[in-house]
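Quick notes on the structure that follows.
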Amino acid sequence: MIHPTAIIDPAAELAEDVQVGPYSIIGPDVKIGAGTVIGPHVVVNGPTTIGKNNRIFQFASVGEECQDKKYKGEPTRLEIGDDNVIRESVTIHRGTIQDNSLTRIGSRNLLMAYVHIAHDCMIGDDCILANNASVAGHAHVGNGVILGGMTGVHQFCKIGSYSMTSGCSLVLKDIPAYVMVSGNPAQARSMNFEGMKRRGWSKEVIATLRNAYKVIYRQGLTLEQALGELESMPAGDELQILIDSLKTSERGITR
C-alpha cells in the first residue's frame, strides 16, 4: 500500500488501507482516513486531517504553511472531509491565527488541476472548482458551487450555495446563492436554473427563485429593500438559503 520510496513521518497516522505512491512525503501531525489514495510526488504537511476515500493526484501540495506574510509559524490546521478528488498540482494551505486557525474542505468536492485554496478558506460539499481556479484567503464557498476555469475569488468573499461562475471570472464581491456570474469584474447574469432542474427541484421552487432574482436585480431596489420583498414571499428552504446568503454578505453582492 505504501511505496518504498515514500517518506512517512513516524508521527503521522494512516489508516491501514491508505495507499501512498512513489516519492510522496507525509509529515508529522497528519491523519489520513480509510480508503484514501495518495498518488506519487504528493506532499502532505500538518496539522492536517484527511477523511475517508479521498484521492489526491500527483504533485499536489496539501496542508502547507500559508503565503500570508503575517504568518509566523503558529500551529494552524487543515481539515478535509470524505470522497474528495484533488487533481494534479492543487495547493491547499493551512489557516492563520488572524482567523480561526483553520482551512476546511468539505466532502465530495472535485478540485481540478492547479486549483489553489488559500489560508482560512471554507469550502462546502459537492463543489466543482475547474482548472486554475484560485480562492484567496478567508473566502467562504457554500455547497454545490461551480467555479469555472481560471476564476479568481478575492479574499473575504462569500460564494453562496449552488452559484456558478464562468471561466476567467474575477469575483470581487459576494455572490448570492444560485446566482450565475461572469466577467472581469464579475457581474450577475442569471440563476443556475439548469442546475436546479438536474437536482430535481420542483417547478414551483424554480419559479419562486426566478421571481426572487427579479426582485434583487430587475426592480432597482437596494439590498435592504429587496430583502424585505423576499421575506414577504412564501417561505421555503430553497428561498431561505438565498435570503441567508444576502443577509450574511459583508462585501456587498455582485451586481
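Chain labels follow the order of the C-alpha cells: the first chain is A, the next B, and so on; residue numbering restarts at 1 in every chain, and ligands are counted from 1 in their shown order.
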Original post:
Skipping near chain neighbours, those fewer than 6 positions away, what residues fall within 10 Å of A:Val18 using only C-alpha atoms, listed as a ChimeraX atom specification?
Top reply: /A:1-2,32-38,52-54
Would you output that residue set with N, CA, C and O atoms, as a compact mmCIF listing (two decimals), in the first residue's frame?
# COMPACT_ATOMS: atom_id res chain seq x y z
N MET A 1 0.82 -1.21 0.00
CA MET A 1 0.00 0.00 0.00
C MET A 1 0.86 1.27 0.00
O MET A 1 0.44 2.29 -0.51
N ILE A 2 2.04 1.21 0.61
CA ILE A 2 2.93 2.37 0.68
C ILE A 2 4.19 2.06 -0.12
O ILE A 2 4.90 1.10 0.16
N ILE A 32 -4.82 10.44 8.11
CA ILE A 32 -5.44 10.12 6.83
C ILE A 32 -6.39 8.94 7.03
O ILE A 32 -5.98 7.88 7.53
N GLY A 33 -7.64 9.12 6.62
CA GLY A 33 -8.66 8.12 6.86
C GLY A 33 -8.67 6.98 5.87
O GLY A 33 -7.99 7.00 4.82
N ALA A 34 -9.47 5.97 6.16
CA ALA A 34 -9.52 4.73 5.40
C ALA A 34 -9.92 4.97 3.95
O ALA A 34 -10.73 5.85 3.64
N GLY A 35 -9.32 4.20 3.05
CA GLY A 35 -9.68 4.24 1.65
C GLY A 35 -9.08 5.37 0.85
O GLY A 35 -9.31 5.47 -0.35
N THR A 36 -8.32 6.24 1.48
CA THR A 36 -7.73 7.38 0.78
C THR A 36 -6.50 6.93 -0.01
O THR A 36 -5.70 6.13 0.47
N VAL A 37 -6.36 7.47 -1.21
CA VAL A 37 -5.24 7.14 -2.09
C VAL A 37 -4.43 8.40 -2.35
O VAL A 37 -4.95 9.39 -2.88
N ILE A 38 -3.17 8.37 -1.95
CA ILE A 38 -2.23 9.47 -2.19
C ILE A 38 -1.36 9.07 -3.37
O ILE A 38 -0.65 8.07 -3.31
N LYS A 52 -12.07 9.97 4.74
CA LYS A 52 -12.11 8.68 4.07
C LYS A 52 -12.31 8.83 2.56
O LYS A 52 -12.95 9.75 2.09
N ASN A 53 -11.72 7.89 1.83
CA ASN A 53 -11.99 7.69 0.40
C ASN A 53 -11.71 8.92 -0.45
O ASN A 53 -12.41 9.20 -1.43
N ASN A 54 -10.68 9.66 -0.07
CA ASN A 54 -10.22 10.75 -0.92
C ASN A 54 -9.18 10.24 -1.90
O ASN A 54 -8.50 9.25 -1.63
**OP:** Can you pull out every residue within 6 Å of A:Thr49, counting only C-alpha atoms, but drop anything in the same chain fewer than 6 positions away, and send it as a PyMOL selection string?
**Re:** chain A and resi 30-31+79
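For stretch 32-227 of chain A, backbone-based DSSP labels the following residues as helix (DSSP H, G or I): A:Phe193, A:Glu194, A:Gly195, A:Met196, A:Lys197, A:Arg198, A:Lys203, A:Glu204, A:Val205, A:Ile206, A:Ala207, A:Thr208, A:Leu209, A:Arg210, A:Asn211, A:Ala212, A:Tyr213, A:Lys214, A:Val215, A:Ile216, A:Tyr217, A:Leu223, A:Glu224, A:Gln225, A:Ala226, A:Leu227.
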Write out as an mmCIF file with C-alpha atoms, in the first residue's frame the residues lying within 12 Å of A:Met180, counting only C-alpha atoms and excluding same-chain residues fewer than 4 positions away.
data_model
loop_
_atom_site.group_PDB
_atom_site.id
_atom_site.type_symbol
_atom_site.label_atom_id
_atom_site.label_comp_id
_atom_site.auth_asym_id
_atom_site.auth_seq_id
_atom_site.Cartn_x
_atom_site.Cartn_y
_atom_site.Cartn_z
ATOM 1 C CA VAL A 145 -20.809 25.743 -6.101
ATOM 2 C CA ILE A 146 -19.171 25.584 -9.546
ATOM 3 C CA LEU A 147 -16.170 27.847 -10.206
ATOM 4 C CA GLY A 148 -15.240 27.964 -13.876
ATOM 5 C CA ILE A 159 -19.832 32.469 -2.597
ATOM 6 C CA GLY A 160 -23.418 31.347 -1.949
ATOM 7 C CA SER A 161 -24.517 27.740 -2.333
ATOM 8 C CA TYR A 162 -25.349 26.455 -5.841
ATOM 9 C CA SER A 163 -23.953 29.556 -7.505
ATOM 10 C CA MET A 164 -21.728 29.390 -10.580
ATOM 11 C CA THR A 165 -19.015 31.419 -12.293
ATOM 12 C CA SER A 166 -17.984 31.286 -15.913
ATOM 13 C CA GLY A 167 -14.374 30.782 -16.941
ATOM 14 C CA SER A 169 -14.369 35.424 -13.890
ATOM 15 C CA VAL A 171 -15.055 37.796 -8.222
ATOM 16 C CA ASP A 174 -20.137 38.266 -2.611
ATOM 17 C CA ILE A 175 -22.222 36.045 -4.889
ATOM 18 C CA PRO A 176 -25.721 35.255 -3.590
ATOM 19 C CA ALA A 186 -17.851 39.533 -12.426
ATOM 20 C CA GLN A 187 -21.449 40.608 -12.940
ATOM 21 C CA ALA A 188 -24.677 38.730 -12.250
ATOM 22 C CA ARG A 189 -26.195 37.186 -15.389
ATOM 23 C CA SER A 190 -28.947 34.840 -14.203
ATOM 24 C CA MET A 191 -29.518 31.961 -11.801
ATOM 25 C CA ASN A 192 -28.349 28.371 -12.179
ATOM 26 C CA PHE A 193 -31.791 27.129 -13.222
ATOM 27 C CA GLU A 194 -30.390 24.198 -15.183
ATOM 28 C CA GLY A 195 -28.616 23.010 -12.060
ATOM 29 C CA TYR A 213 -33.840 37.043 -8.846
ATOM 30 C CA THR A 254 -22.171 41.044 -7.198
ATOM 31 C CA ARG A 255 -24.472 43.153 -9.357
#
Original post:
So which residues touch A:Asn184 within 10 Å, counting only C-alpha atoms, skipping near sequence neighbours fewer than 6 positions away, as a VMD selection string?
Top reply: chain A and resid 151 to 152 168 to 172
Original post:
From the set A:Cys157, A:Ile216, A:Leu239, A:Met112, which residue has the shortest atom-to-atom contact distance to A:Glu204, counting only C-alpha atoms?
Top reply: A:Leu239
Subject >> Selection near A:Cys127, 9 Å with only C-alpha atoms, sequence-local residues under 6 positions removed, as a list in words >> reply: Gly106, Ser107, Arg108, Asn109, Leu110, Leu111, Val141, Gly142, Asn143, Gly144, Val145, Ile146, Leu147 and Tyr162 of chain A
Writing out the chosen residues with N, CA and C atoms as a PDB file, in the first residue's frame:
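That gives us out_35.pdb:
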ATOM      1  N   GLY A 106     -14.905  20.493   2.571  1.00  0.00           N
ATOM      2  CA  GLY A 106     -15.959  19.552   2.922  1.00  0.00           C
ATOM      3  C   GLY A 106     -15.796  18.200   2.255  1.00  0.00           C
ATOM      4  N   SER A 107     -16.866  17.633   1.770  1.00  0.00           N
ATOM      5  CA  SER A 107     -16.863  16.294   1.185  1.00  0.00           C
ATOM      6  C   SER A 107     -17.416  16.326  -0.242  1.00  0.00           C
ATOM      7  N   ARG A 108     -16.995  15.332  -1.014  1.00  0.00           N
ATOM      8  CA  ARG A 108     -17.484  15.100  -2.382  1.00  0.00           C
ATOM      9  C   ARG A 108     -17.189  16.263  -3.308  1.00  0.00           C
ATOM     10  N   ASN A 109     -16.073  16.921  -3.108  1.00  0.00           N
ATOM     11  CA  ASN A 109     -15.667  18.015  -3.980  1.00  0.00           C
ATOM     12  C   ASN A 109     -14.699  17.524  -5.048  1.00  0.00           C
ATOM     13  N   LEU A 110     -14.715  18.190  -6.182  1.00  0.00           N
ATOM     14  CA  LEU A 110     -13.736  17.957  -7.238  1.00  0.00           C
ATOM     15  C   LEU A 110     -12.918  19.225  -7.422  1.00  0.00           C
ATOM     16  N   LEU A 111     -11.639  19.140  -7.083  1.00  0.00           N
ATOM     17  CA  LEU A 111     -10.706  20.243  -7.297  1.00  0.00           C
ATOM     18  C   LEU A 111      -9.828  19.863  -8.480  1.00  0.00           C
ATOM     19  N   VAL A 141     -16.984  29.400   0.570  1.00  0.00           N
ATOM     20  CA  VAL A 141     -17.678  28.863  -0.599  1.00  0.00           C
ATOM     21  C   VAL A 141     -18.717  27.871  -0.092  1.00  0.00           C
ATOM     22  N   GLY A 142     -19.970  28.047  -0.489  1.00  0.00           N
ATOM     23  CA  GLY A 142     -21.054  27.201   0.004  1.00  0.00           C
ATOM     24  C   GLY A 142     -21.071  25.820  -0.613  1.00  0.00           C
ATOM     25  N   ASN A 143     -22.216  25.171  -0.563  1.00  0.00           N
ATOM     26  CA  ASN A 143     -22.384  23.829  -1.114  1.00  0.00           C
ATOM     27  C   ASN A 143     -22.796  23.898  -2.579  1.00  0.00           C
ATOM     28  N   GLY A 144     -22.352  22.904  -3.361  1.00  0.00           N
ATOM     29  CA  GLY A 144     -22.797  22.783  -4.740  1.00  0.00           C
ATOM     30  C   GLY A 144     -22.365  23.904  -5.653  1.00  0.00           C
ATOM     31  N   VAL A 145     -21.295  24.613  -5.303  1.00  0.00           N
ATOM     32  CA  VAL A 145     -20.809  25.743  -6.101  1.00  0.00           C
ATOM     33  C   VAL A 145     -19.950  25.220  -7.254  1.00  0.00           C
ATOM     34  N   ILE A 146     -20.040  25.874  -8.409  1.00  0.00           N
ATOM     35  CA  ILE A 146     -19.171  25.584  -9.546  1.00  0.00           C
ATOM     36  C   ILE A 146     -18.388  26.846  -9.874  1.00  0.00           C
ATOM     37  N   LEU A 147     -17.046  26.747  -9.790  1.00  0.00           N
ATOM     38  CA  LEU A 147     -16.170  27.847 -10.206  1.00  0.00           C
ATOM     39  C   LEU A 147     -15.530  27.467 -11.524  1.00  0.00           C
ATOM     40  N   TYR A 162     -24.777  26.742  -4.527  1.00  0.00           N
ATOM     41  CA  TYR A 162     -25.349  26.455  -5.841  1.00  0.00           C
ATOM     42  C   TYR A 162     -25.163  27.595  -6.833  1.00  0.00           C
TER      43      TYR A 162
END
**OP:** Could you tell me how far atom CA of A:Thr91 lies from atom CA of A:Val62, in Å and to one decimal?
**Re:** 5.9 Å
Original post:
Among stretch 13-190 of chain A, which ones does DSSP place in strand (DSSP E), written as a VMD selection string?
Top reply: chain A and resid 13 to 14 19 to 20 25 to 26 30 to 32 37 to 38 43 to 44 48 to 50 55 to 56 61 to 64 77 to 80 85 to 86 91 to 93 102 to 105 110 to 111 116 to 117 122 to 123 128 to 129 134 to 135 140 to 141 146 to 147 152 to 153 158 to 159 164 to 165 170 to 171 179 to 182 187 to 190
Original post:
Which of these residues is nearest to A:Arg251, using only C-alpha atoms: A:Tyr114, A:Phe156, A:Phe59, A:Tyr23?
Top reply: A:Phe156
Subject >> Residue contacts of A:Gly27 (8 Å, only C-alpha atoms) excluding same-chain residues fewer than 2 positions away, as a VMD selection string >> reply: chain A and resid 8 to 9 11 to 12 25 29 to 30 43 to 46
Original post:
Just how far from atom CA of A:Gly137 is atom CA of A:Leu227, in Å to one decimal?
Top reply: 28.1 Å
Subject >> Point-to-point distance in Å for atom CA of A:Glu88 and atom CA of A:His41 >> reply: 10.0 Å
**OP:** Show which residues sit within 9 Å of A:Gln58, as number ranges by chain. Count only C-alpha atoms, and ignore same-chain residues fewer than 5 positions away.
**Re:** A: 21, 24, 38-42, 87-90
